[in-house]
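The structure appears right after this line, and notes come after that.
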Amino acid sequence: MVLSLRKQLEPLIAMALEIGQKVKVARLRDRVSPDVAGRLGKSGTISDFKMVDGSGVGVVVEFDDKYATWFFEDELSAV
C-alpha cells in the first residue's frame, strides 16, 4: 500500500507541491459547482492531499475566505 501511494504521489513530487505552498487555480477539468467555478484564476494555499477515486491524488486548497476544496494537480499552477 505504501508503494502504491508513493507511485500516486510522484506527479505531485515532480511538481514540488507542498502543504503551505501558494497555488493558483489555472483550469478546471470537469463541470463543477458555481462555488468552485468562481475560484478559477484565484490563489489559495495547499492545506492537504487526498486520495481521489482510487487512482489519483487531489490537492486540497484553502482560500482567503476559509473556503476549501480539492483540485487535480494539473488544474493548479505555482504562484
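Naming scheme: A, B, ... for chains in displayed order of the C-alpha cells; residues 1 onward per chain; ligands 1 onward as shown.
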I want to know what sits within 9 Å of region 45-52 of chain A, based on only C-alpha atoms, with residues of the same chain fewer than 2 positions away left out; could you give that as a ChimeraX atom specification?
/A:5,8,17-24,43,54-64,68,70,72
For Leu76 (chain A), work out the shell of residues within 8 Å, counting only C-alpha atoms and skipping chain neighbours fewer than 2 positions away, then give it as a compact mmCIF listing (two decimals) with N, CA, C and O atoms, in the first residue's frame.
```txt
# COMPACT_ATOMS: atom_id res chain seq x y z
N VAL A 23 -0.82 28.44 -4.52
CA VAL A 23 -1.10 27.99 -5.88
C VAL A 23 -2.27 28.78 -6.45
O VAL A 23 -3.04 29.39 -5.71
N LYS A 24 -2.37 28.75 -7.76
CA LYS A 24 -3.46 29.42 -8.46
C LYS A 24 -4.26 28.37 -9.22
O LYS A 24 -3.68 27.44 -9.79
N VAL A 25 -5.57 28.50 -9.23
CA VAL A 25 -6.43 27.59 -9.98
C VAL A 25 -6.34 28.01 -11.44
O VAL A 25 -6.84 29.06 -11.84
N ALA A 26 -5.67 27.21 -12.25
CA ALA A 26 -5.39 27.57 -13.64
C ALA A 26 -6.47 27.08 -14.61
O ALA A 26 -6.69 27.69 -15.64
N ARG A 27 -7.10 25.95 -14.29
CA ARG A 27 -8.14 25.40 -15.16
C ARG A 27 -8.99 24.44 -14.35
O ARG A 27 -8.61 24.05 -13.25
N PHE A 71 -8.56 19.92 -5.84
CA PHE A 71 -8.35 20.01 -7.28
C PHE A 71 -7.36 18.93 -7.69
O PHE A 71 -6.56 18.47 -6.88
N PHE A 72 -7.39 18.55 -8.96
CA PHE A 72 -6.34 17.71 -9.50
C PHE A 72 -5.09 18.57 -9.64
O PHE A 72 -5.18 19.78 -9.88
N GLU A 73 -3.92 17.97 -9.49
CA GLU A 73 -2.68 18.74 -9.54
C GLU A 73 -2.48 19.47 -10.85
O GLU A 73 -1.91 20.55 -10.88
N ASP A 74 -3.00 18.93 -11.95
CA ASP A 74 -2.81 19.61 -13.24
C ASP A 74 -3.77 20.78 -13.43
O ASP A 74 -3.69 21.48 -14.43
N ALA A 78 1.85 26.96 -9.70
CA ALA A 78 2.53 27.60 -8.56
C ALA A 78 2.44 29.12 -8.73
O ALA A 78 2.48 29.63 -9.83
```
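Relative to CA of Gly44 (chain A), CA of Arg29 (chain A) is found at 18.0 Å.
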